[in-house]
Number of protein chains: 4
Amino acid sequence: MIVVMKSRCDEKDIEHVLAFLENHGLTGHLSRGVERTVIGVLGAVGPSGTPGSIGGINPAIGESLEGLPCVESVLRVSKPYKLASREFHPEDTFVEVPVPCVSTGAVSIGNSAVVMMAGPCTVESEKQLMATAEAVRGEGATILRGGAFKPSTSPYGFRGMGEEGLKLLAKARAEFGMAVITEVMTPTDVQMVCEYADILQIGTRNMQNYMLLDEVGRTSTPVVLKRGMSATIEEWLLAAEYILAQGNRNVILCERGIRTFEKVTRNTMDISAIPLIKRLSHLPIISDPSQGTGRRDLVAPMSLASLAAGTDGLLIEVHPNPDEALKDGAQSLTIQQFQELMPQVHAVTQAIGRNVITK
Amino acid sequence: MIVVMKSRCDEKDIEHVLAFLENHGLTGHLSRGVERTVIGVLGAVGPSGTPGSIGGINPAIGESLEGLPCVESVLRVSKPYKLASREFHPEDTFVEVPVPCVSTGAVSIGNSAVVMMAGPCTVESEKQLMATAEAVRGEGATILRGGAFKPSTSPYGFRGMGEEGLKLLAKARAEFGMAVITEVMTPTDVQMVCEYADILQIGTRNMQNYMLLDEVGRTSTPVVLKRGMSATIEEWLLAAEYILAQGNRNVILCERGIRTFEKVTRNTMDISAIPLIKRLSHLPIISDPSQGTGRRDLVAPMSLASLAAGTDGLLIEVHPNPDEALKDGAQSLTIQQFQELMPQVHAVTQAIGRNVITK
Amino acid sequence: MIVVMKSRCDEKDIEHVLAFLENHGLTGHLSRGVERTVIGVLGAVGPSGTPGSIGGINPAIGESLEGLPCVESVLRVSKPYKLASREFHPEDTFVEVPVPCVSTGAVSIGNSAVVMMAGPCTVESEKQLMATAEAVRGEGATILRGGAFKPSTSPYGFRGMGEEGLKLLAKARAEFGMAVITEVMTPTDVQMVCEYADILQIGTRNMQNYMLLDEVGRTSTPVVLKRGMSATIEEWLLAAEYILAQGNRNVILCERGIRTFEKVTRNTMDISAIPLIKRLSHLPIISDPSQGTGRRDLVAPMSLASLAAGTDGLLIEVHPNPDEALKDGAQSLTIQQFQELMPQVHAVTQAIGRNVITK
Amino acid sequence: MIVVMKSRCDEKDIEHVLAFLENHGLTGHLSRGVERTVIGVLGAVGPSGTPGSIGGINPAIGESLEGLPCVESVLRVSKPYKLASREFHPEDTFVEVPVPCVSTGAVSIGNSAVVMMAGPCTVESEKQLMATAEAVRGEGATILRGGAFKPSTSPYGFRGMGEEGLKLLAKARAEFGMAVITEVMTPTDVQMVCEYADILQIGTRNMQNYMLLDEVGRTSTPVVLKRGMSATIEEWLLAAEYILAQGNRNVILCERGIRTFEKVTRNTMDISAIPLIKRLSHLPIISDPSQGTGRRDLVAPMSLASLAAGTDGLLIEVHPNPDEALKDGAQSLTIQQFQELMPQVHAVTQAIGRNVITK
């Protein structure tokens with residue numbers, strides 16, 4: 001942490017800051033420039049085990065310093081996340097998911113092989129789910145997506161089938177040998193959803209639902225953590241840190257578009273998040289071009305762009321009859337469109353020296 | 001709902017849309033313009049009682065239509081919120097909160113008298129809370145704020161004293177006759193927090209935590225619903241609609257700043273939200289200039305601006321020793337600064353023909 | 001400037017950075033922390049007179065350092081603007097504008113008296129302009145606004161009357177004794193507009209039209225510099241710095257709303273910019289609630305909020321018949337609405353200890 | 001255009017709107033719904049040749065309607081741009097640029113072959129430019145980029161070599177047979193820059209500098225129009241419309257990143273703009289991953305993502321010694337990095353069935 005003093009501060013102000021630091025068990029290190037004085041804050045952090053002792057100096061100290069009238073600004077030097085950072089864990093993390101339908105019995109997300117996750121936005125009926133699962137499995141998808149608990153901006157929208165939907169997902173898993181990913185929305189549902197799901201999904205609106213993050217962190221089930229609608233990369237990695245800090249190391253990030261001023265798409269996919277996460281973190285990252293654009297006609301190009309940028313997997317909404325979908329019909333591919341996309345997925349993946357795991 | 005057809009669509013496309021509408025129990029109404037055809041969707045909404053039947057046509061139908069290749073766009077005509085709208089409820093709503101220290105025994109938020117809520121960001125100790133409560137009550141605040149459960153961007157930050165903090169708030173209430181407002185973060189805590197609090201606060205990160213909204217909606221305790229960091233006014237009113245739809249009509253909105261590109265403030269207060277909410281909704285609205293700016297030196301001017309724009313109350317962080325605050329010290333007023341602010345609050349409130357309720 | 005090294009860098013990396021600094025005439029000052037090394041960059045800036053020598057270290061040096069593989073980030077300590085900063089010029093700047101209709105013959109923008117600027121968005125005809133000028137002067141406005149050159153998002157929109165419009169503004173000035181503010185859009189028009197205008201206006205889309213800033217900087221005419229639609233405060237002050245650096249010290253900033261995700265307003269007024277500019281700079285700041293909201297029904301509350309927050313003036317669109325306006329009718333007040341607003345303006349201004357200059 | 005009436009409006013309000021429309025030569029078409037009445041505005045637009053007659057109804061009429069107290073909102077049905085739209089011009093536009101070094105003597109931007117543009121951010125010296133040009137030509141680039149006039153956020157930054165830089169670009173063109181792209185910043189420079197450049201570049205800050213757009217529209221030189229930092233797709237196409245409306249049909253769009261809340265990149269590339277522009281417009285689109293990210297380490301993955309999404313060309317900053325660059329060193333590739341990128345560019349381009357034109 002570096003404290004930048006105002007240009008008109010005097011010796012008494014500087015002493016005040018130094019004393020403040022000392023009171024908090026820290027040491028200040030003065031640099032007097034021509035225009036202003038800066039104070040580097042060195043040494044560690046107070047009694048070990050206290051809040052704030054991991055990940056650098058307690059942020060509350062920085063906030064208090066920023067409130068002092070003689071302080072211009074406080075610059076942070078350390079990253080606030082630690083377990084999620086590549087500095088802490090230089091090797092890539094692979095998240096293992098058991099998948100009966102592949103020859104090795106599992107997929108390893110984050111490894112060189114790219115994983116295809118596909119299925120309906122929302123589980124609507126046995127017929128709809130089974131038809132979709134069969135079709136996407138036939139094209140090489142290994143993980144079945146489908147929402148049983150659905151966030152809806154309006155209280156009058158469809159909010160999912162609940163546990164009944166989870167049972168249908170389990171049935172599809174049994175029949176097609178796919179793993180299942182599905183959303184969990186509140187801490188008290190975590191145990192129940194874990195009984196049916198191979199991967200838990202935390203949705204964009206819940207990226208900072210800290211009690212939910214704590215709760216999934218106490219399981220060992222893999223978690224796909226979607227990026228908050230307006231979250232920075234740092235805030236996203238701090239949300240991952242919540243899960244990691246509770247002991248669950250099976251965290252997969254998912255870029256699903258951010259909010260921008262654009263009105264002709266639902267969200268704007270931040271494709272640069274893919275290589276950035278690879279540099280800043282060791283965690284795998286997948287892409288959701290369906291939510292990420294909100295437009296069926298953009299799913300194929302944004303899938304290919306994600307792959308070219310290094311994504312570890314794609315999460316795609318497919319519906320046997322999107323015109324009749326109870327939710328998000330406009331962004332779901334038809335089964336035929338998914339079939340047309342797959343050869344392109346293989347071609348671009350090979351062009352960058354990776355492959356798609358399908359069997 | 002209005003369906004705008006692509007300019008190159010033909011009769012078959014139009015018939016396809018009309019048939020789709022009929023299948024969903026709706027009627028299409030054609031207008032053929034020079035450049036394109038638009039289809040007004042009339043009639044109501046399918047079997048009463050089904051999801052989507054309040055607040056206009058089921059949004060899933062609009063989404064499906066938007067996915068059709070012959071459709072350019074789908075324009076919404078009705079507002080998606082209903083109970084929160086001024087059209088549904090033209091008179092202002094007043095939310096009554098019992099406050100022993102005022103002569104009438106209650107304040108009525110949304111009424112002509114402006115309400116002052118003040119206190120520490122976070123309850124840290126009995127001494128800190130009591131000193132602050134006494135001081136702000138002495139200046140005319142009637143409602144005591146203080147967080148016992150605190151959201152923290154980092155898992156290593158201070159997360160509050162929990163129920164112990166709630167007990168201290170109850171003690172301050174008993175001693176000074178103020179009402180208490182405090183945050184609730186997860187559905188399973190709602191019952192417990194209701195036992196101690198006069199007003200529940202839903203924080204910015206939980207504005208779309210739908211299960212929490214449902215749960216506070218099932219109580220009758222007044223709720224301050226903070227605006228999501230990047231939420232539009234419509235999304236905010238839809239979150240209020242969740243609470244109202246469960247039967248709790250005591251909803252107070254709170255403008256607390258939105259995220260913008262600005263880096264020298266923590267958030268950017270959207271003062272125009274105050275008069276806008278007054279036009280679009282009947283619910284009261286208060287302002288939080290502490291969170292709204294993140295800077296102590298901006299709290300006074302933004303309090304006065306909020307009042308001039310018509311706010312029904314102010315929610316202000318005050319700390320007896322902000323340099324030592326465990327959270328958000330940079331944005332807390334000292335007790336002296338709060339004392340200096342109050343005469344200005346009275347002056348501006350009177351200038352617009354309202355008054356501040358203090359006793 | 002402070003260089004933060006990556007945590008895994010070694011001595012060779014540090015030496016590389018120190019040598020790089022030395023090659024550019026700078027001195028590095030090492031601080032070795034537990035987690036990482038930071039290098040404070042001290043001393044001044046190379047041969048005086050070279051680009052980058054004012055306002056701190058040449059930004060290109062920082063950019064190059066940021067590209068080095070061993071560097072985590074480069075933190076700036078000095079503000080990049082200088083002439084615009086309050087540190088450089090602690091006293092408030094007052095911008096004098098000759099106004100025949102007031103008793104002193106001039107208004108002094110930035111002084112304790114608030115200035116009212118009003119008139120049509122666009123000059124449409126002699127009749128329209130004269131009627132508006134007479135009415136707003138009658139209510140106390142001292143400066144007449146009116147666009148002769150208008151930016152239009154569409155090439156098919158109305159782009160103003162050009163020099164003919166300027167002549168009408170000059171006529172209104174002669175008749176009513178008001179000063180005139182009008183927009184200039186391109187460097188080659190600056191001389192001509194100066195012949196007719198008392199204050200030049202730089203519009204939001206031209207805030208970073210550097211050749212235009214240079215050109216108005218070479219005049220001595222007061223300039224109202226509107227904030228760019230998505231500009232930070234720092235970028236805005238850097239744009240002001242362009243004008244100041246050419247020698248024109250008569251710069252007035254104007255908050256006119258920024259772009260946010262909100263759809264029910266055209267822009268979101270950043271009222272906090274008013275007190276922030278007062279802290280960071282010595283320049284006056286005025287508010288434009290008409291452009292700032294795009295909605296007639298929000299002009300009054302946002303005018304009052306601006307005043308409460310400390311604005312030095314208001315710039316308001318008034319039209320004798322807004323339904324027939326050639327541009328921006330939805331945000332223009334009627335003459336009657338302007339009349340109703342003025343007593344409220346006086347009341348709030350007095351409540352904060354200032355007054356409105358009207359005669 | 002569709003006028004949505006407030007739900008509580010009465011017959012007199014409806015008649016007022018209908019009369020207003022008739023006064024402007026338009027016809028209203030009533031649809032009375034259960035909740036509200038909407039009025040479709042049909043027929044064309046008044047006397048041909050008047051402002052607003054192309055591209056639908058004069059936007060000022062919509063703005064005036066929005067200001068009426070009985071009107072809830074005004075919905076637009078037509079796109080405001082016409083010449084730039086794919087509806088007006090269904091076939092792809094190819095922009096021909098003479099390039100001596102390729103066998104056909106020209107490249108055709110927008111055609112199936114992808115074009116590589118590379119070179120320094122800024123022309124700094126003959127040595128720097130010639131070394132870069134030779135190297136990038138050797139790897140297959142056919143168009144040389146290099147700024148002679150540079151926008152700089154600070155007045156103290158480097159602003160380019162001016163005409164001397166243009167002469168160096170012409171010299172490089174003569175020597176290596178490449179075409180030259182360079183920025184023009186102000187209308188009075190257009191003629192001069194056209195003498196040296198094969199392609200004019202309009203920078204992000206000038207996307208809405210309408211007089212500059214008009215002026216380049218009056219030439220026949222190809223123009224690369226960069227997207228404004230916070231521009232929507234519609235605003236960008238309206239800026240293209242300005243150029244097209246003056247008669248210059250050789251417009252190439254360039255995605256260069258938009259501003260978001262992210263702090264670890266300079267901008268966020270909107271890769272989805274590439275396929276979106278292909279759907280909405282017939283104009284070619286290229287990508288600038290250097291400006292689009294501001295980070296050298298992201299240039300390669302974002303180049304490949306752009307290609308996978310369908311870009312027609314890449315514009316890449318390359319510098320023989322980025323550590324010593326006078327501008328934007330952090331985002332320039334070294335010559336070696338450019339060499340390493342090219343095989344990947346070829347591989348991904350082939351994977352999607354296109355090729356790169358290099359000779």
# chains A, B, ... in the order shown; residues from 1 in each chain; ligands from 1
>>> select_by_dssp(residues="region 139-259 of chain A", states="helix (DSSP H, G or I)", output="ChimeraX atom specification")
/A:163-176,187-196,204-206,210-217,233-245
>>> residues_around(residues="Asn250 (chain B)", least_positions_apart="6", cutoff="8 Å", atoms="only C-alpha atoms", output="list in words")
Val95, Glu96, Ser220, Thr221, Pro222, Val223 and Leu244 of chain B
>>> write_last_selection(atoms="C-alpha atoms", output="tab-separated table (two decimals), in the first residue's frame")
chain	number	residue	atom	x	y	z
B	95	VAL	CA	-44.59	3.86	5.32
B	96	GLU	CA	-45.24	4.12	9.05
B	220	SER	CA	-44.89	-6.85	7.25
B	221	THR	CA	-41.73	-5.08	8.42
B	222	PRO	CA	-40.79	-1.97	6.42
B	223	VAL	CA	-38.02	-2.64	3.90
B	244	LEU	CA	-45.03	-6.10	-2.95
>>> residues_around(residues="Lys167 (chain B)", least_positions_apart="2", cutoff="10 Å", atoms="only C-alpha atoms", output="list in words")
Glu126, Ala148, Met161, Gly162, Glu163, Glu164, Gly165, Leu169, Ala170, Lys171, Ala172, Arg173, Val193, Glu195, Tyr196 and Ala197 of chain B
>>> residues_around(residues="Val38 (chain D)", least_positions_apart="2", cutoff="10 Å", atoms="only C-alpha atoms", output="list in words")
Ile2, Gly40 and Val77 of chain B; Ile2, Val3, Val4, Met5, Lys6, Ser7, Ile14, Gly28, His29, Leu30, Ser31, Arg32, Gly33, Glu35, Arg36, Gly40, Val41, Val71, Glu72, Ser73 and Val74 of chain D
>>> write_last_selection(atoms="C-alpha atoms", output="compact mmCIF listing (two decimals), in the first residue's frame")
# COMPACT_ATOMS: atom_id res chain seq x y z
CA ILE B 2 -45.74 -4.59 -30.80
CA GLY B 40 -49.95 -4.82 -32.44
CA VAL B 77 -45.94 -1.16 -24.45
CA ILE D 2 -45.50 4.41 -32.53
CA VAL D 3 -46.91 6.69 -29.85
CA VAL D 4 -47.79 4.96 -26.57
CA MET D 5 -50.37 6.95 -24.60
CA LYS D 6 -50.45 7.05 -20.81
CA SER D 7 -52.97 4.63 -19.35
CA ILE D 14 -55.84 11.28 -28.18
CA GLY D 28 -52.22 8.40 -36.87
CA HIS D 29 -53.63 4.90 -36.67
CA LEU D 30 -55.33 4.04 -33.38
CA SER D 31 -55.13 0.72 -31.52
CA ARG D 32 -57.08 0.67 -28.30
CA GLY D 33 -55.75 -2.03 -25.98
CA GLU D 35 -54.52 -1.18 -20.74
CA ARG D 36 -53.64 1.59 -23.10
CA GLY D 40 -49.14 4.01 -35.14
CA VAL D 41 -47.77 6.85 -37.24
CA VAL D 71 -47.66 10.51 -23.97
CA GLU D 72 -45.90 7.66 -22.17
CA SER D 73 -43.25 7.00 -24.79
CA VAL D 74 -42.50 7.08 -28.50
>>> interface_residues(of="chain B", to="chain A", cutoff="6 Å", atoms="only C-alpha atoms", output="short mmCIF file (atom, residue, chain, number, x, y, z; two decimals) with C-alpha atoms, in the first residue's frame")
data_model
loop_
_atom_site.label_atom_id
_atom_site.label_comp_id
_atom_site.auth_asym_id
_atom_site.auth_seq_id
_atom_site.Cartn_x
_atom_site.Cartn_y
_atom_site.Cartn_z
CA PRO B 51 -47.37 -16.96 -14.63
CA GLY B 52 -47.17 -13.81 -16.67
CA ALA B 60 -41.28 -15.45 -22.81
CA GLU B 63 -38.51 -13.42 -26.42
CA SER B 64 -39.65 -16.23 -28.69
CA GLU B 66 -37.69 -11.86 -31.20
CA GLY B 67 -35.95 -15.07 -32.21
CA SER B 154 -13.17 -9.64 -0.11
CA PRO B 155 -13.63 -12.82 1.94
CA TYR B 156 -10.92 -11.47 4.23
CA GLY B 157 -12.75 -8.23 5.08
CA LEU B 238 -39.28 -4.90 -10.54
CA TYR B 242 -41.20 -8.95 -5.82
CA ASP B 323 -10.01 6.94 11.31
CA LEU B 326 -13.53 -1.23 10.78
CA LYS B 327 -15.28 -0.45 7.51
CA GLY B 329 -14.10 5.05 7.37
CA ALA B 330 -13.42 7.31 4.40
#
>>> residues_around(residues="Ser272 (chain C)", least_positions_apart="4", cutoff="10 Å", atoms="only C-alpha atoms", output="list in words")
Thr265, Asn267, Thr268, Met269, Asp270, Ile271, Pro289, Gly292, Thr293, Leu298, Val299, Pro301, Met302 and Ala305 of chain B; Glu255, Leu276, Ile277, Ser306, Ala309 and Gly310 of chain C
>>> write_last_selection(atoms="N, CA and C atoms", output="mmCIF file, in the first residue's frame")
data_model
loop_
_atom_site.group_PDB
_atom_site.id
_atom_site.type_symbol
_atom_site.label_atom_id
_atom_site.label_comp_id
_atom_site.auth_asym_id
_atom_site.auth_seq_id
_atom_site.Cartn_x
_atom_site.Cartn_y
_atom_site.Cartn_z
ATOM 1 N N THR B 265 -14.596 8.885 -7.311
ATOM 2 C CA THR B 265 -15.634 8.572 -6.327
ATOM 3 C C THR B 265 -15.891 7.067 -6.373
ATOM 4 N N ASN B 267 -18.957 5.641 -6.117
ATOM 5 C CA ASN B 267 -20.147 5.504 -6.939
ATOM 6 C C ASN B 267 -20.552 6.887 -7.418
ATOM 7 N N THR B 268 -21.485 6.934 -8.353
ATOM 8 C CA THR B 268 -22.027 8.203 -8.817
ATOM 9 C C THR B 268 -23.486 8.252 -8.423
ATOM 10 N N MET B 269 -23.851 9.214 -7.560
ATOM 11 C CA MET B 269 -25.252 9.298 -7.140
ATOM 12 C C MET B 269 -26.105 9.761 -8.304
ATOM 13 N N ASP B 270 -27.187 9.057 -8.541
ATOM 14 C CA ASP B 270 -28.125 9.449 -9.584
ATOM 15 C C ASP B 270 -29.258 10.214 -8.910
ATOM 16 N N ILE B 271 -29.040 11.511 -8.749
ATOM 17 C CA ILE B 271 -30.040 12.345 -8.068
ATOM 18 C C ILE B 271 -31.344 12.377 -8.861
ATOM 19 N N PRO B 289 -26.069 9.323 0.773
ATOM 20 C CA PRO B 289 -24.921 10.023 0.178
ATOM 21 C C PRO B 289 -23.577 9.472 0.649
ATOM 22 N N GLY B 292 -23.225 6.533 -1.576
ATOM 23 C CA GLY B 292 -23.427 7.099 -2.908
ATOM 24 C C GLY B 292 -22.215 7.813 -3.461
ATOM 25 N N THR B 293 -21.314 8.233 -2.596
ATOM 26 C CA THR B 293 -20.117 8.928 -3.076
ATOM 27 C C THR B 293 -18.843 8.230 -2.609
ATOM 28 N N LEU B 298 -18.005 14.829 0.238
ATOM 29 C CA LEU B 298 -19.138 15.010 -0.675
ATOM 30 C C LEU B 298 -20.481 14.729 -0.010
ATOM 31 N N VAL B 299 -20.470 14.261 1.238
ATOM 32 C CA VAL B 299 -21.728 13.879 1.884
ATOM 33 C C VAL B 299 -22.639 15.096 2.077
ATOM 34 N N PRO B 301 -22.770 18.211 0.412
ATOM 35 C CA PRO B 301 -23.438 18.729 -0.803
ATOM 36 C C PRO B 301 -24.423 17.740 -1.414
ATOM 37 N N MET B 302 -24.134 16.440 -1.340
ATOM 38 C CA MET B 302 -25.068 15.483 -1.950
ATOM 39 C C MET B 302 -26.300 15.260 -1.067
ATOM 40 N N ALA B 305 -28.362 18.286 -2.170
ATOM 41 C CA ALA B 305 -28.891 18.075 -3.525
ATOM 42 C C ALA B 305 -30.056 17.094 -3.500
ATOM 43 N N GLU C 255 -21.495 20.665 -16.379
ATOM 44 C CA GLU C 255 -22.000 19.291 -16.225
ATOM 45 C C GLU C 255 -23.307 19.178 -16.998
ATOM 46 N N LEU C 276 -17.117 18.075 -6.599
ATOM 47 C CA LEU C 276 -15.800 17.499 -6.908
ATOM 48 C C LEU C 276 -14.925 18.479 -7.677
ATOM 49 N N ILE C 277 -15.505 19.108 -8.692
ATOM 50 C CA ILE C 277 -14.739 20.088 -9.474
ATOM 51 C C ILE C 277 -14.278 21.220 -8.557
ATOM 52 N N SER C 306 -28.783 20.984 -8.402
ATOM 53 C CA SER C 306 -27.503 21.570 -8.812
ATOM 54 C C SER C 306 -27.147 22.760 -7.928
ATOM 55 N N ALA C 309 -26.037 21.760 -4.534
ATOM 56 C CA ALA C 309 -24.706 21.160 -4.549
ATOM 57 C C ALA C 309 -23.606 22.178 -4.853
ATOM 58 N N GLY C 310 -24.010 23.409 -5.192
ATOM 59 C CA GLY C 310 -23.002 24.453 -5.334
ATOM 60 C C GLY C 310 -22.701 24.936 -6.738
#
>>> select_by_dssp(residues="region 59-305 of chain C", states="strand (DSSP E)", output="PyMOL selection string")
chain C and resi 71-75+95-98+106-109+113-119+143-145+179-183+199-202+223-226+251-255+285-287
>>> residues_around(residues="region 137-142 of chain D", least_positions_apart="3", cutoff="10 Å", atoms="only C-alpha atoms", output="PyMOL selection string")
chain D and resi 99-102+106-107+115-119+132-134+145+176-180+314-316+335+338-343+356-359
>>> write_last_selection(atoms="C-alpha atoms", output="PDB file, in the first residue's frame")
ATOM      1  CA  VAL D  99      -1.494  -2.049 -53.227  1.00  0.00           C
ATOM      2  CA  PRO D 100       1.482  -2.395 -55.609  1.00  0.00           C
ATOM      3  CA  CYS D 101       3.078  -5.267 -53.700  1.00  0.00           C
ATOM      4  CA  VAL D 102       0.246  -7.758 -54.287  1.00  0.00           C
ATOM      5  CA  ALA D 106      -5.044  -4.080 -55.126  1.00  0.00           C
ATOM      6  CA  VAL D 107      -6.749  -5.515 -52.090  1.00  0.00           C
ATOM      7  CA  VAL D 115      -6.199  -7.951 -44.975  1.00  0.00           C
ATOM      8  CA  MET D 116      -3.308  -7.357 -42.564  1.00  0.00           C
ATOM      9  CA  MET D 117      -2.516  -3.736 -41.627  1.00  0.00           C
ATOM     10  CA  ALA D 118       0.473  -3.230 -39.362  1.00  0.00           C
ATOM     11  CA  GLY D 119       3.023  -0.637 -38.341  1.00  0.00           C
ATOM     12  CA  THR D 132       8.913  -1.703 -39.148  1.00  0.00           C
ATOM     13  CA  ALA D 133       7.537  -1.522 -42.669  1.00  0.00           C
ATOM     14  CA  GLU D 134      10.144  -3.913 -44.019  1.00  0.00           C
ATOM     15  CA  ARG D 145      -0.248   1.986 -40.458  1.00  0.00           C
ATOM     16  CA  PHE D 176       7.821  -1.551 -50.028  1.00  0.00           C
ATOM     17  CA  GLY D 177       4.768  -1.352 -52.278  1.00  0.00           C
ATOM     18  CA  MET D 178       2.375  -1.219 -49.326  1.00  0.00           C
ATOM     19  CA  ALA D 179      -0.684   1.001 -49.097  1.00  0.00           C
ATOM     20  CA  VAL D 180      -0.722   3.556 -46.278  1.00  0.00           C
ATOM     21  CA  LEU D 314      -6.573  -6.628 -38.568  1.00  0.00           C
ATOM     22  CA  LEU D 315      -4.891  -3.339 -37.672  1.00  0.00           C
ATOM     23  CA  ILE D 316      -1.934  -4.081 -35.409  1.00  0.00           C
ATOM     24  CA  ILE D 335       8.667  -7.583 -34.614  1.00  0.00           C
ATOM     25  CA  PHE D 338       4.307 -10.212 -34.992  1.00  0.00           C
ATOM     26  CA  GLN D 339       6.243 -12.974 -36.735  1.00  0.00           C
ATOM     27  CA  GLU D 340       4.956 -15.499 -34.210  1.00  0.00           C
ATOM     28  CA  LEU D 341       1.389 -14.297 -34.622  1.00  0.00           C
ATOM     29  CA  MET D 342       1.176 -14.659 -38.398  1.00  0.00           C
ATOM     30  CA  PRO D 343       1.088 -18.482 -38.628  1.00  0.00           C
ATOM     31  CA  VAL D 356      -5.183 -13.942 -45.785  1.00  0.00           C
ATOM     32  CA  ILE D 357      -4.027 -11.862 -48.726  1.00  0.00           C
ATOM     33  CA  THR D 358      -0.249 -11.423 -48.512  1.00  0.00           C
ATOM     34  CA  LYS D 359       1.055 -11.229 -52.059  1.00  0.00           C
TER      35      LYS D 359
END
>>> closest_residue(among="B:Val190, B:Ile274, B:Val184, B:Ala347", to="Cys254 (chain B)", atoms="only C-alpha atoms")
B:Ile274
>>> atom_distance(atom1="CA of Phe94 (chain A)", atom2="CA of Phe149 (chain A)")
27.3 Å
>>> closest_residue(among="A:Ala273, A:Arg256, A:Thr349, A:Met192", to="Arg227 (chain A)", atoms="only C-alpha atoms")
A:Arg256
>>> atom_distance(atom1="CA of Leu75 (chain A)", atom2="CA of Leu75 (chain C)")
7.4 Å
>>> atom_distance(atom1="CA of His282 (chain A)", atom2="CA of Glu87 (chain A)")
8.7 Å
